[in-house]
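Participant: Shown below is the structure under consideration.
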Amino acid sequence: MHSSSTLLFEAPNWMPDGQLIVNGDGRLFRVGSELQEIDLGGVPAINNDHVVSPDGTTVYVSADDGHLYAVPFDSSGPRRVTNDRGPGFHHYLHGVSPDGKTLAYIGLEQVDGRRIANVWTIPAAGGADVQVTNDEYADDGSEYSPDGKWIYFNSERASTTPGHAQLFRLLVTTGEVEQLTFDERVNWFPHPAPDGSVIAYVSFPSGTLGHPADVDDVRLRLLSPGEEVRELGTLFGGQGTMNVPSWSPDSQSFAYVAYPL
């Protein structure tokens, strides 16, 4: 466990070699006996959405300017991945395909005064965006399955109650969508274990809108095949607790952040 009273930790993530990294106040750090800041090469301050390439050579980050950047760990300098899609369009990164070739992100845009969030993909090397979902439901947390066949995400598409997100997955080849959770709570950020055995996610109280910070009853849960839910614990947190893929490479544990008062 690592704690701080001065730096806001968010979105812990694992390197393929088992090293843990974490977001803090618009920066990234390696977690060890001491925090070691990762040089992002002048990329604008980042939010808490970032993923590491499967080969461990690059971290991809979402910056506050609305774009995604590739930052090699060899300090060779960052590269902007995303395209300009018009004023107000923001890219929020959540997943990378197992072969490292494609990034899955949430595209957030303003349409007639409404915030519309859909699942998109883009080649990690840069190229044309592909819109995966195209509707007015609030989608978020898009992340690939270990075999690359599915994109997992949370969405409000199954309820007319505002904010009532559940977990889904979308078959990459056909776009077919399958609902995974069906309960009264608000479920976010599905993270499949590297071995595909279970899905870790965060569950907010019924009636929660979005994924706010400083919620008293946030639950860490595992979803097994057959829709069996296992509750692991309750904490004070929410935003930042587990926004990005946070499983250890051996699928034996996952990282999260709690914000005790």
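Starting from 1 in every chain, residues are counted up; chains themselves are A, B, ... following the order of the structure tokens, and ligands are numbered from 1 as listed.
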Can you tell me, as a list in words, what residues are no more than 9 Å from range 171-179 of chain A when counting only C-alpha atoms, ignoring any on the same chain fewer than 3 positions away?
Facilitator: Val132, Thr133, Gly148, Lys149, Trp150, Ile151, Tyr152, Ala158, Gln166, Leu167, Phe168 and Phe182 of chain A
Participant: Restricting the output to all heavy atoms, write the selected residues as a short mmCIF file (atom, residue, chain, number, x, y, z; two decimals), in the first residue's frame.
Facilitator:
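The new file part39.cif reads:
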```cif
data_model
loop_
_atom_site.label_atom_id
_atom_site.label_comp_id
_atom_site.auth_asym_id
_atom_site.auth_seq_id
_atom_site.Cartn_x
_atom_site.Cartn_y
_atom_site.Cartn_z
N VAL A 132 -17.71 3.13 -32.85
CA VAL A 132 -18.19 1.78 -32.56
C VAL A 132 -19.64 1.81 -32.12
O VAL A 132 -20.44 0.97 -32.51
CB VAL A 132 -17.30 1.12 -31.49
CG1 VAL A 132 -17.82 -0.27 -31.14
CG2 VAL A 132 -15.86 1.04 -31.98
N THR A 133 -20.02 2.74 -31.25
CA THR A 133 -21.43 2.94 -30.90
C THR A 133 -21.85 4.29 -31.44
O THR A 133 -21.05 5.23 -31.51
CB THR A 133 -21.67 2.88 -29.39
OG1 THR A 133 -20.96 3.94 -28.74
CG2 THR A 133 -21.20 1.54 -28.82
N GLY A 148 -9.26 -9.94 -27.52
CA GLY A 148 -9.50 -8.90 -28.52
C GLY A 148 -10.83 -9.00 -29.24
O GLY A 148 -11.12 -8.19 -30.11
N LYS A 149 -11.66 -9.97 -28.87
CA LYS A 149 -12.92 -10.17 -29.58
C LYS A 149 -14.03 -9.23 -29.13
O LYS A 149 -14.97 -8.97 -29.87
CB LYS A 149 -13.38 -11.62 -29.41
CG LYS A 149 -12.46 -12.64 -30.08
CD LYS A 149 -12.98 -14.06 -29.87
CE LYS A 149 -12.09 -15.08 -30.54
NZ LYS A 149 -12.57 -16.48 -30.33
N TRP A 150 -13.92 -8.74 -27.88
CA TRP A 150 -14.99 -7.93 -27.30
C TRP A 150 -14.43 -6.59 -26.84
O TRP A 150 -13.26 -6.49 -26.48
CB TRP A 150 -15.62 -8.63 -26.10
CG TRP A 150 -16.26 -9.95 -26.39
CD1 TRP A 150 -15.66 -11.18 -26.41
CD2 TRP A 150 -17.64 -10.18 -26.70
NE1 TRP A 150 -16.58 -12.15 -26.72
CE2 TRP A 150 -17.80 -11.57 -26.90
CE3 TRP A 150 -18.76 -9.34 -26.83
CZ2 TRP A 150 -19.03 -12.13 -27.21
CZ3 TRP A 150 -19.98 -9.90 -27.14
CH2 TRP A 150 -20.11 -11.28 -27.33
N ILE A 151 -15.29 -5.58 -26.79
CA ILE A 151 -15.01 -4.35 -26.08
C ILE A 151 -16.03 -4.26 -24.94
O ILE A 151 -17.25 -4.26 -25.18
CB ILE A 151 -15.11 -3.12 -26.99
CG1 ILE A 151 -14.00 -3.13 -28.04
CG2 ILE A 151 -15.02 -1.83 -26.16
CD1 ILE A 151 -14.08 -1.97 -29.03
N TYR A 152 -15.53 -4.22 -23.73
CA TYR A 152 -16.37 -4.07 -22.55
C TYR A 152 -16.57 -2.57 -22.27
O TYR A 152 -15.67 -1.76 -22.49
CB TYR A 152 -15.72 -4.73 -21.34
CG TYR A 152 -15.77 -6.24 -21.38
CD1 TYR A 152 -14.85 -6.97 -22.13
CD2 TYR A 152 -16.73 -6.94 -20.65
CE1 TYR A 152 -14.90 -8.36 -22.19
CE2 TYR A 152 -16.78 -8.32 -20.70
CZ TYR A 152 -15.88 -9.03 -21.46
OH TYR A 152 -15.92 -10.40 -21.51
N ALA A 158 -29.76 0.53 -20.85
CA ALA A 158 -30.75 -0.46 -20.42
C ALA A 158 -31.81 0.11 -19.49
O ALA A 158 -32.65 -0.64 -18.98
CB ALA A 158 -30.05 -1.64 -19.74
N GLN A 166 -25.09 0.16 -16.41
CA GLN A 166 -24.81 -1.26 -16.21
C GLN A 166 -23.63 -1.65 -17.12
O GLN A 166 -23.18 -0.84 -17.94
CB GLN A 166 -26.04 -2.11 -16.53
CG GLN A 166 -27.23 -1.87 -15.61
CD GLN A 166 -26.96 -2.32 -14.18
OE1 GLN A 166 -26.68 -3.48 -13.93
NE2 GLN A 166 -27.03 -1.38 -13.23
N LEU A 167 -23.15 -2.87 -16.98
CA LEU A 167 -22.01 -3.33 -17.77
C LEU A 167 -22.47 -4.08 -19.01
O LEU A 167 -23.43 -4.84 -18.97
CB LEU A 167 -21.11 -4.25 -16.93
CG LEU A 167 -20.58 -3.69 -15.61
CD1 LEU A 167 -19.58 -4.66 -15.00
CD2 LEU A 167 -19.95 -2.31 -15.79
N PHE A 168 -21.75 -3.86 -20.11
CA PHE A 168 -22.05 -4.48 -21.39
C PHE A 168 -20.75 -4.91 -22.06
O PHE A 168 -19.65 -4.51 -21.65
CB PHE A 168 -22.77 -3.48 -22.31
CG PHE A 168 -24.10 -3.03 -21.82
CD1 PHE A 168 -24.20 -2.02 -20.87
CD2 PHE A 168 -25.26 -3.61 -22.29
CE1 PHE A 168 -25.44 -1.60 -20.40
CE2 PHE A 168 -26.51 -3.19 -21.84
CZ PHE A 168 -26.59 -2.18 -20.89
N PHE A 182 -27.36 -6.59 -14.12
CA PHE A 182 -28.80 -6.28 -14.18
C PHE A 182 -29.33 -5.84 -12.81
O PHE A 182 -30.48 -6.12 -12.47
CB PHE A 182 -29.58 -7.53 -14.62
CG PHE A 182 -29.19 -8.07 -15.96
CD1 PHE A 182 -28.11 -8.93 -16.09
CD2 PHE A 182 -29.91 -7.72 -17.10
CE1 PHE A 182 -27.75 -9.45 -17.33
CE2 PHE A 182 -29.55 -8.23 -18.35
CZ PHE A 182 -28.47 -9.09 -18.46
#
```
Participant: So that I can check the surroundings of range 48-60 of chain A, please list as a ChimeraX atom specification every protein, DNA and RNA residue that reaches within 6 Å of it, counting only C-alpha atoms and ignoring chain neighbours fewer than 2 positions away.
Facilitator: /A:11,16,23,62,69-73,93,100
Participant: Generate a file of the selected residues that holds N, CA, C and O atoms, formatted as a compact mmCIF listing (two decimals), in the first residue's frame.
Facilitator:
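Saved result, out-v7.txt, follows:
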```txt
# COMPACT_ATOMS: atom_id res chain seq x y z
N ALA A 11 -6.42 6.16 -10.57
CA ALA A 11 -6.27 5.26 -11.72
C ALA A 11 -4.96 4.47 -11.72
O ALA A 11 -4.13 4.63 -12.62
N PRO A 16 3.59 -4.56 -17.78
CA PRO A 16 3.71 -6.01 -18.02
C PRO A 16 4.74 -6.70 -17.13
O PRO A 16 4.63 -7.90 -16.86
N ASN A 23 -1.64 7.71 -11.55
CA ASN A 23 -1.81 9.11 -11.92
C ASN A 23 -1.83 9.97 -10.66
O ASN A 23 -2.34 9.54 -9.62
N SER A 62 -4.53 10.33 -21.89
CA SER A 62 -5.52 11.34 -22.28
C SER A 62 -5.09 12.66 -21.66
O SER A 62 -4.95 12.76 -20.44
N TYR A 69 -2.15 10.83 -26.45
CA TYR A 69 -0.73 10.88 -26.81
C TYR A 69 -0.08 9.53 -26.50
O TYR A 69 -0.42 8.87 -25.50
N ALA A 70 0.88 9.15 -27.34
CA ALA A 70 1.75 8.00 -27.08
C ALA A 70 3.06 8.54 -26.52
O ALA A 70 3.68 9.42 -27.12
N VAL A 71 3.47 8.00 -25.36
CA VAL A 71 4.71 8.45 -24.71
C VAL A 71 5.61 7.24 -24.51
O VAL A 71 5.36 6.43 -23.61
N PRO A 72 6.64 7.06 -25.33
CA PRO A 72 7.56 5.92 -25.15
C PRO A 72 8.33 6.07 -23.83
O PRO A 72 8.71 7.17 -23.43
N PHE A 73 8.57 4.95 -23.17
CA PHE A 73 9.32 4.98 -21.92
C PHE A 73 10.81 5.22 -22.14
O PHE A 73 11.54 5.46 -21.18
N LEU A 93 -9.26 7.92 -23.00
CA LEU A 93 -8.70 6.61 -23.29
C LEU A 93 -9.01 5.60 -22.19
O LEU A 93 -8.90 5.92 -21.01
N GLY A 100 -1.75 -4.58 -29.37
CA GLY A 100 -1.17 -3.26 -29.26
C GLY A 100 -1.44 -2.34 -30.43
O GLY A 100 -0.92 -1.21 -30.46
```
Participant: Could you list, as a PDB file with all heavy atoms, in the first residue's frame, every residue within 10 Å of Leu108 in chain A, counting only C-alpha atoms and ignoring same-chain residues fewer than 2 positions away?
Facilitator:
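New file around-v5.pdb:
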```
ATOM      1  N   GLY A  66      -7.773  17.419 -24.643  1.00  0.00           N
ATOM      2  CA  GLY A  66      -8.775  16.614 -25.335  1.00  0.00           C
ATOM      3  C   GLY A  66      -8.219  15.548 -26.241  1.00  0.00           C
ATOM      4  O   GLY A  66      -8.981  14.790 -26.849  1.00  0.00           O
ATOM      5  N   GLY A  88     -14.665  21.158 -29.047  1.00  0.00           N
ATOM      6  CA  GLY A  88     -15.395  20.525 -27.959  1.00  0.00           C
ATOM      7  C   GLY A  88     -15.358  19.018 -27.925  1.00  0.00           C
ATOM      8  O   GLY A  88     -15.880  18.403 -26.990  1.00  0.00           O
ATOM      9  N   PHE A  89     -14.740  18.378 -28.943  1.00  0.00           N
ATOM     10  CA  PHE A  89     -14.659  16.913 -28.940  1.00  0.00           C
ATOM     11  C   PHE A  89     -13.468  16.492 -28.080  1.00  0.00           C
ATOM     12  O   PHE A  89     -12.348  16.948 -28.286  1.00  0.00           O
ATOM     13  CB  PHE A  89     -14.490  16.372 -30.359  1.00  0.00           C
ATOM     14  CG  PHE A  89     -14.640  14.870 -30.457  1.00  0.00           C
ATOM     15  CD1 PHE A  89     -15.834  14.307 -30.866  1.00  0.00           C
ATOM     16  CD2 PHE A  89     -13.588  14.019 -30.138  1.00  0.00           C
ATOM     17  CE1 PHE A  89     -15.988  12.934 -30.967  1.00  0.00           C
ATOM     18  CE2 PHE A  89     -13.722  12.648 -30.230  1.00  0.00           C
ATOM     19  CZ  PHE A  89     -14.923  12.103 -30.647  1.00  0.00           C
ATOM     20  N   HIS A  90     -13.716  15.616 -27.117  1.00  0.00           N
ATOM     21  CA  HIS A  90     -12.663  15.136 -26.231  1.00  0.00           C
ATOM     22  C   HIS A  90     -12.524  13.622 -26.325  1.00  0.00           C
ATOM     23  O   HIS A  90     -13.521  12.899 -26.432  1.00  0.00           O
ATOM     24  CB  HIS A  90     -12.944  15.529 -24.779  1.00  0.00           C
ATOM     25  CG  HIS A  90     -12.526  16.928 -24.447  1.00  0.00           C
ATOM     26  ND1 HIS A  90     -13.167  18.036 -24.961  1.00  0.00           N
ATOM     27  CD2 HIS A  90     -11.526  17.398 -23.651  1.00  0.00           C
ATOM     28  CE1 HIS A  90     -12.584  19.131 -24.500  1.00  0.00           C
ATOM     29  NE2 HIS A  90     -11.581  18.773 -23.707  1.00  0.00           N
ATOM     30  N   HIS A  91     -11.274  13.152 -26.279  1.00  0.00           N
ATOM     31  CA  HIS A  91     -10.959  11.727 -26.317  1.00  0.00           C
ATOM     32  C   HIS A  91     -10.560  11.274 -24.907  1.00  0.00           C
ATOM     33  O   HIS A  91      -9.655  11.854 -24.309  1.00  0.00           O
ATOM     34  CB  HIS A  91      -9.784  11.450 -27.257  1.00  0.00           C
ATOM     35  CG  HIS A  91      -9.942  12.011 -28.644  1.00  0.00           C
ATOM     36  ND1 HIS A  91      -9.817  13.371 -28.919  1.00  0.00           N
ATOM     37  CD2 HIS A  91     -10.194  11.402 -29.830  1.00  0.00           C
ATOM     38  CE1 HIS A  91      -9.994  13.562 -30.225  1.00  0.00           C
ATOM     39  NE2 HIS A  91     -10.223  12.397 -30.789  1.00  0.00           N
ATOM     40  N   TYR A  92     -11.217  10.232 -24.404  1.00  0.00           N
ATOM     41  CA  TYR A  92     -10.899   9.686 -23.086  1.00  0.00           C
ATOM     42  C   TYR A  92     -10.514   8.217 -23.250  1.00  0.00           C
ATOM     43  O   TYR A  92     -11.354   7.374 -23.583  1.00  0.00           O
ATOM     44  CB  TYR A  92     -12.082   9.849 -22.137  1.00  0.00           C
ATOM     45  CG  TYR A  92     -12.364  11.295 -21.807  1.00  0.00           C
ATOM     46  CD1 TYR A  92     -13.430  11.971 -22.397  1.00  0.00           C
ATOM     47  CD2 TYR A  92     -11.550  11.996 -20.918  1.00  0.00           C
ATOM     48  CE1 TYR A  92     -13.681  13.301 -22.108  1.00  0.00           C
ATOM     49  CE2 TYR A  92     -11.794  13.330 -20.619  1.00  0.00           C
ATOM     50  CZ  TYR A  92     -12.861  13.979 -21.218  1.00  0.00           C
ATOM     51  OH  TYR A  92     -13.105  15.294 -20.927  1.00  0.00           O
ATOM     52  N   TYR A 105     -11.401   4.282 -27.077  1.00  0.00           N
ATOM     53  CA  TYR A 105     -11.597   5.486 -26.274  1.00  0.00           C
ATOM     54  C   TYR A 105     -13.067   5.894 -26.294  1.00  0.00           C
ATOM     55  O   TYR A 105     -13.869   5.404 -27.098  1.00  0.00           O
ATOM     56  CB  TYR A 105     -10.695   6.620 -26.765  1.00  0.00           C
ATOM     57  CG  TYR A 105     -11.056   7.229 -28.105  1.00  0.00           C
ATOM     58  CD1 TYR A 105     -11.979   8.280 -28.190  1.00  0.00           C
ATOM     59  CD2 TYR A 105     -10.473   6.778 -29.294  1.00  0.00           C
ATOM     60  CE1 TYR A 105     -12.306   8.852 -29.409  1.00  0.00           C
ATOM     61  CE2 TYR A 105     -10.790   7.352 -30.514  1.00  0.00           C
ATOM     62  CZ  TYR A 105     -11.719   8.391 -30.558  1.00  0.00           C
ATOM     63  OH  TYR A 105     -12.044   8.956 -31.774  1.00  0.00           O
ATOM     64  N   ILE A 106     -13.395   6.788 -25.383  1.00  0.00           N
ATOM     65  CA  ILE A 106     -14.716   7.393 -25.366  1.00  0.00           C
ATOM     66  C   ILE A 106     -14.624   8.765 -26.002  1.00  0.00           C
ATOM     67  O   ILE A 106     -13.804   9.600 -25.598  1.00  0.00           O
ATOM     68  CB  ILE A 106     -15.252   7.509 -23.921  1.00  0.00           C
ATOM     69  CG1 ILE A 106     -15.448   6.113 -23.321  1.00  0.00           C
ATOM     70  CG2 ILE A 106     -16.565   8.283 -23.896  1.00  0.00           C
ATOM     71  CD1 ILE A 106     -16.428   5.226 -24.058  1.00  0.00           C
ATOM     72  N   GLN A 110     -20.401  17.722 -27.622  1.00  0.00           N
ATOM     73  CA  GLN A 110     -21.598  18.493 -27.304  1.00  0.00           C
ATOM     74  C   GLN A 110     -22.484  18.547 -28.545  1.00  0.00           C
ATOM     75  O   GLN A 110     -22.048  18.998 -29.608  1.00  0.00           O
ATOM     76  CB  GLN A 110     -21.222  19.906 -26.868  1.00  0.00           C
ATOM     77  CG  GLN A 110     -20.314  19.980 -25.657  1.00  0.00           C
ATOM     78  CD  GLN A 110     -21.046  19.715 -24.361  1.00  0.00           C
ATOM     79  OE1 GLN A 110     -22.272  19.834 -24.287  1.00  0.00           O
ATOM     80  NE2 GLN A 110     -20.304  19.356 -23.326  1.00  0.00           N
ATOM     81  N   VAL A 111     -23.718  18.071 -28.421  1.00  0.00           N
ATOM     82  CA  VAL A 111     -24.668  18.089 -29.531  1.00  0.00           C
ATOM     83  C   VAL A 111     -25.946  18.770 -29.058  1.00  0.00           C
ATOM     84  O   VAL A 111     -26.649  18.247 -28.182  1.00  0.00           O
ATOM     85  CB  VAL A 111     -24.979  16.663 -30.029  1.00  0.00           C
ATOM     86  CG1 VAL A 111     -26.002  16.711 -31.165  1.00  0.00           C
ATOM     87  CG2 VAL A 111     -23.717  15.957 -30.473  1.00  0.00           C
ATOM     88  N   ARG A 115     -24.397  16.439 -23.738  1.00  0.00           N
ATOM     89  CA  ARG A 115     -23.131  15.722 -23.770  1.00  0.00           C
ATOM     90  C   ARG A 115     -23.384  14.296 -24.268  1.00  0.00           C
ATOM     91  O   ARG A 115     -24.103  13.528 -23.622  1.00  0.00           O
ATOM     92  CB  ARG A 115     -22.509  15.686 -22.373  1.00  0.00           C
ATOM     93  CG  ARG A 115     -21.997  17.035 -21.910  1.00  0.00           C
ATOM     94  CD  ARG A 115     -21.796  17.089 -20.395  1.00  0.00           C
ATOM     95  NE  ARG A 115     -20.873  16.056 -19.934  1.00  0.00           N
ATOM     96  CZ  ARG A 115     -19.570  16.240 -19.803  1.00  0.00           C
ATOM     97  NH1 ARG A 115     -19.024  17.409 -20.117  1.00  0.00           N
ATOM     98  NH2 ARG A 115     -18.791  15.280 -19.337  1.00  0.00           N
ATOM     99  N   ILE A 116     -22.817  13.953 -25.413  1.00  0.00           N
ATOM    100  CA  ILE A 116     -22.995  12.637 -26.014  1.00  0.00           C
ATOM    101  C   ILE A 116     -21.667  11.888 -25.942  1.00  0.00           C
ATOM    102  O   ILE A 116     -20.625  12.400 -26.380  1.00  0.00           O
ATOM    103  CB  ILE A 116     -23.452  12.735 -27.481  1.00  0.00           C
ATOM    104  CG1 ILE A 116     -24.733  13.579 -27.582  1.00  0.00           C
ATOM    105  CG2 ILE A 116     -23.658  11.356 -28.077  1.00  0.00           C
ATOM    106  CD1 ILE A 116     -25.922  12.985 -26.865  1.00  0.00           C
ATOM    107  N   ALA A 117     -21.682  10.673 -25.398  1.00  0.00           N
ATOM    108  CA  ALA A 117     -20.461   9.883 -25.242  1.00  0.00           C
ATOM    109  C   ALA A 117     -20.630   8.540 -25.930  1.00  0.00           C
ATOM    110  O   ALA A 117     -21.547   7.770 -25.596  1.00  0.00           O
ATOM    111  CB  ALA A 117     -20.136   9.668 -23.763  1.00  0.00           C
ATOM    112  N   ASN A 118     -19.763   8.248 -26.905  1.00  0.00           N
ATOM    113  CA  ASN A 118     -19.801   6.981 -27.628  1.00  0.00           C
ATOM    114  C   ASN A 118     -18.439   6.301 -27.594  1.00  0.00           C
ATOM    115  O   ASN A 118     -17.417   6.927 -27.302  1.00  0.00           O
ATOM    116  CB  ASN A 118     -20.210   7.216 -29.084  1.00  0.00           C
ATOM    117  CG  ASN A 118     -21.710   7.326 -29.261  1.00  0.00           C
ATOM    118  OD1 ASN A 118     -22.439   6.360 -29.064  1.00  0.00           O
ATOM    119  ND2 ASN A 118     -22.190   8.510 -29.623  1.00  0.00           N
ATOM    120  N   VAL A 119     -18.440   5.009 -27.897  1.00  0.00           N
ATOM    121  CA  VAL A 119     -17.211   4.232 -27.981  1.00  0.00           C
ATOM    122  C   VAL A 119     -16.611   4.400 -29.372  1.00  0.00           C
ATOM    123  O   VAL A 119     -17.306   4.254 -30.382  1.00  0.00           O
ATOM    124  CB  VAL A 119     -17.484   2.738 -27.709  1.00  0.00           C
ATOM    125  CG1 VAL A 119     -16.195   1.914 -27.849  1.00  0.00           C
ATOM    126  CG2 VAL A 119     -18.094   2.540 -26.323  1.00  0.00           C
ATOM    127  N   TRP A 120     -15.313   4.695 -29.408  1.00  0.00           N
ATOM    128  CA  TRP A 120     -14.572   4.839 -30.650  1.00  0.00           C
ATOM    129  C   TRP A 120     -13.284   4.017 -30.561  1.00  0.00           C
ATOM    130  O   TRP A 120     -12.847   3.650 -29.467  1.00  0.00           O
ATOM    131  CB  TRP A 120     -14.173   6.294 -30.888  1.00  0.00           C
ATOM    132  CG  TRP A 120     -15.287   7.269 -31.115  1.00  0.00           C
ATOM    133  CD1 TRP A 120     -16.201   7.705 -30.191  1.00  0.00           C
ATOM    134  CD2 TRP A 120     -15.585   7.964 -32.330  1.00  0.00           C
ATOM    135  NE1 TRP A 120     -17.044   8.628 -30.756  1.00  0.00           N
ATOM    136  CE2 TRP A 120     -16.689   8.810 -32.065  1.00  0.00           C
ATOM    137  CE3 TRP A 120     -15.018   7.969 -33.599  1.00  0.00           C
ATOM    138  CZ2 TRP A 120     -17.240   9.638 -33.030  1.00  0.00           C
ATOM    139  CZ3 TRP A 120     -15.563   8.802 -34.574  1.00  0.00           C
ATOM    140  CH2 TRP A 120     -16.670   9.622 -34.301  1.00  0.00           C
ATOM    141  N   ALA A 138     -25.381   7.224 -22.654  1.00  0.00           N
ATOM    142  CA  ALA A 138     -24.094   7.583 -22.052  1.00  0.00           C
ATOM    143  C   ALA A 138     -23.239   6.332 -21.917  1.00  0.00           C
ATOM    144  O   ALA A 138     -23.538   5.443 -21.114  1.00  0.00           O
ATOM    145  CB  ALA A 138     -24.322   8.225 -20.691  1.00  0.00           C
ATOM    146  N   ASP A 139     -22.181   6.219 -22.726  1.00  0.00           N
ATOM    147  CA  ASP A 139     -21.256   5.081 -22.688  1.00  0.00           C
ATOM    148  C   ASP A 139     -19.919   5.538 -22.105  1.00  0.00           C
ATOM    149  O   ASP A 139     -19.515   6.685 -22.263  1.00  0.00           O
ATOM    150  CB  ASP A 139     -21.018   4.530 -24.102  1.00  0.00           C
ATOM    151  CG  ASP A 139     -22.285   4.023 -24.762  1.00  0.00           C
ATOM    152  OD1 ASP A 139     -23.223   3.649 -24.041  1.00  0.00           O
ATOM    153  OD2 ASP A 139     -22.337   4.014 -26.009  1.00  0.00           O
ATOM    154  N   ASP A 140     -19.201   4.607 -21.462  1.00  0.00           N
ATOM    155  CA  ASP A 140     -17.891   4.950 -20.902  1.00  0.00           C
ATOM    156  C   ASP A 140     -17.112   3.663 -20.634  1.00  0.00           C
ATOM    157  O   ASP A 140     -17.642   2.559 -20.747  1.00  0.00           O
ATOM    158  CB  ASP A 140     -18.046   5.747 -19.603  1.00  0.00           C
ATOM    159  CG  ASP A 140     -16.906   6.745 -19.389  1.00  0.00           C
ATOM    160  OD1 ASP A 140     -15.768   6.433 -19.795  1.00  0.00           O
ATOM    161  OD2 ASP A 140     -17.150   7.815 -18.815  1.00  0.00           O
TER     162      ASP A 140
END
```
Participant: Return as an MDAnalysis selection string the full set of residues in range 4-253 of chain A whose backbone-based DSSP assignment is strand (DSSP E).
Facilitator: chainID A and resid 9:14 20:24 27:31 36:37 46:52 58:63 68:72 79:80 90:96 102:111 114:123 130:131 139:144 150:155 166:171 177:179 186:192 199:204 215:224 228:237
Participant: Just the residues within 8 Å of range 29-45 of chain A, please, counting only C-alpha atoms, with nothing from its chain fewer than 4 positions along; format it as a list of chain:residue names.
Facilitator: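 The contact residues come out as A:His2, A:Gln19, A:Leu20, A:Ile21, A:Val22, A:Asn23, A:Gly24, A:Ala63, A:Asp64, A:Asp65, A:Tyr69, A:Val71, A:Ser75, A:Gly77, A:Pro78.
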Participant: Within 10 Å of Asn83 in chain A, counting only C-alpha atoms, which residues show up once you throw out same-chain ones fewer than 2 positions away? Write them as a list in words, please.
Facilitator: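 Residues near the query, excluding close chain neighbours: His67, Leu68, Arg80, Val81, Arg85, Gly86, His91, Ile122, Gly126, Gly127, Ala128 and Asp129 of chain A.
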Participant: Hey, what's within 9 Å of Gly238 in chain A if we count only C-alpha atoms and toss same-chain stuff fewer than 5 positions away? As number ranges by chain, please?
Facilitator: A: 202-204, 211-219, 243, 257-259
Participant: Once you have the residues from the selection above, write them out as a compact mmCIF listing (two decimals), in the first residue's frame, restricted to N, CA and C atoms.
Facilitator:
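What landed in out_27.txt:
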```
# COMPACT_ATOMS: atom_id res chain seq x y z
N VAL A 202 -16.36 -1.22 -10.45
CA VAL A 202 -16.80 -0.44 -9.30
C VAL A 202 -18.30 -0.24 -9.39
N SER A 203 -18.95 -0.29 -8.23
CA SER A 203 -20.40 -0.21 -8.18
C SER A 203 -20.81 0.93 -7.24
N PHE A 204 -21.57 1.89 -7.78
CA PHE A 204 -22.03 3.04 -7.03
C PHE A 204 -23.45 2.80 -6.50
N HIS A 211 -19.81 9.21 -12.54
CA HIS A 211 -18.90 8.48 -11.63
C HIS A 211 -18.19 9.51 -10.74
N PRO A 212 -18.92 10.06 -9.79
CA PRO A 212 -18.39 11.15 -8.97
C PRO A 212 -17.32 10.68 -7.99
N ALA A 213 -16.57 11.64 -7.49
CA ALA A 213 -15.61 11.38 -6.41
C ALA A 213 -16.32 11.45 -5.05
N ASP A 214 -15.63 10.94 -4.03
CA ASP A 214 -16.05 11.11 -2.63
C ASP A 214 -17.44 10.57 -2.36
N VAL A 215 -17.65 9.32 -2.79
CA VAL A 215 -18.90 8.62 -2.52
C VAL A 215 -18.66 7.63 -1.39
N ASP A 216 -19.57 7.58 -0.46
CA ASP A 216 -19.36 6.80 0.77
C ASP A 216 -19.55 5.30 0.58
N ASP A 217 -20.33 4.90 -0.39
CA ASP A 217 -20.69 3.48 -0.54
C ASP A 217 -20.31 2.97 -1.92
N VAL A 218 -19.01 3.03 -2.25
CA VAL A 218 -18.51 2.45 -3.50
C VAL A 218 -18.06 1.03 -3.21
N ARG A 219 -18.47 0.09 -4.05
CA ARG A 219 -18.14 -1.31 -3.82
C ARG A 219 -17.27 -1.86 -4.95
N ASN A 243 -10.30 3.60 -12.63
CA ASN A 243 -10.77 4.06 -13.94
C ASN A 243 -10.17 3.30 -15.12
N VAL A 257 -7.67 2.66 -5.67
CA VAL A 257 -7.39 3.77 -4.75
C VAL A 257 -8.61 4.01 -3.89
N ALA A 258 -8.40 4.13 -2.59
CA ALA A 258 -9.44 4.53 -1.65
C ALA A 258 -9.07 5.90 -1.10
N TYR A 259 -10.08 6.64 -0.68
CA TYR A 259 -9.86 8.00 -0.20
C TYR A 259 -10.47 8.15 1.21
```
Participant: Could you tell me which of A:Pro87, A:Pro146, A:Pro123, A:Pro225 comes closest to Pro245 in chain A if we count only C-alpha atoms?
Facilitator: A:Pro146
Participant: Calculate how many Å separate CA of Phe153 in chain A from CA of Trp188 in chain A, rounding to one decimal.
Facilitator: 7.8 Å
Participant: Which of these residues is nearest to Ser224 in chain A, using only C-alpha atoms: A:Gly210, A:Leu180, A:Gln252, A:His164?
Facilitator: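 Counting only C-alpha atoms, the residue closest to Ser224 in chain A is A:Leu180.
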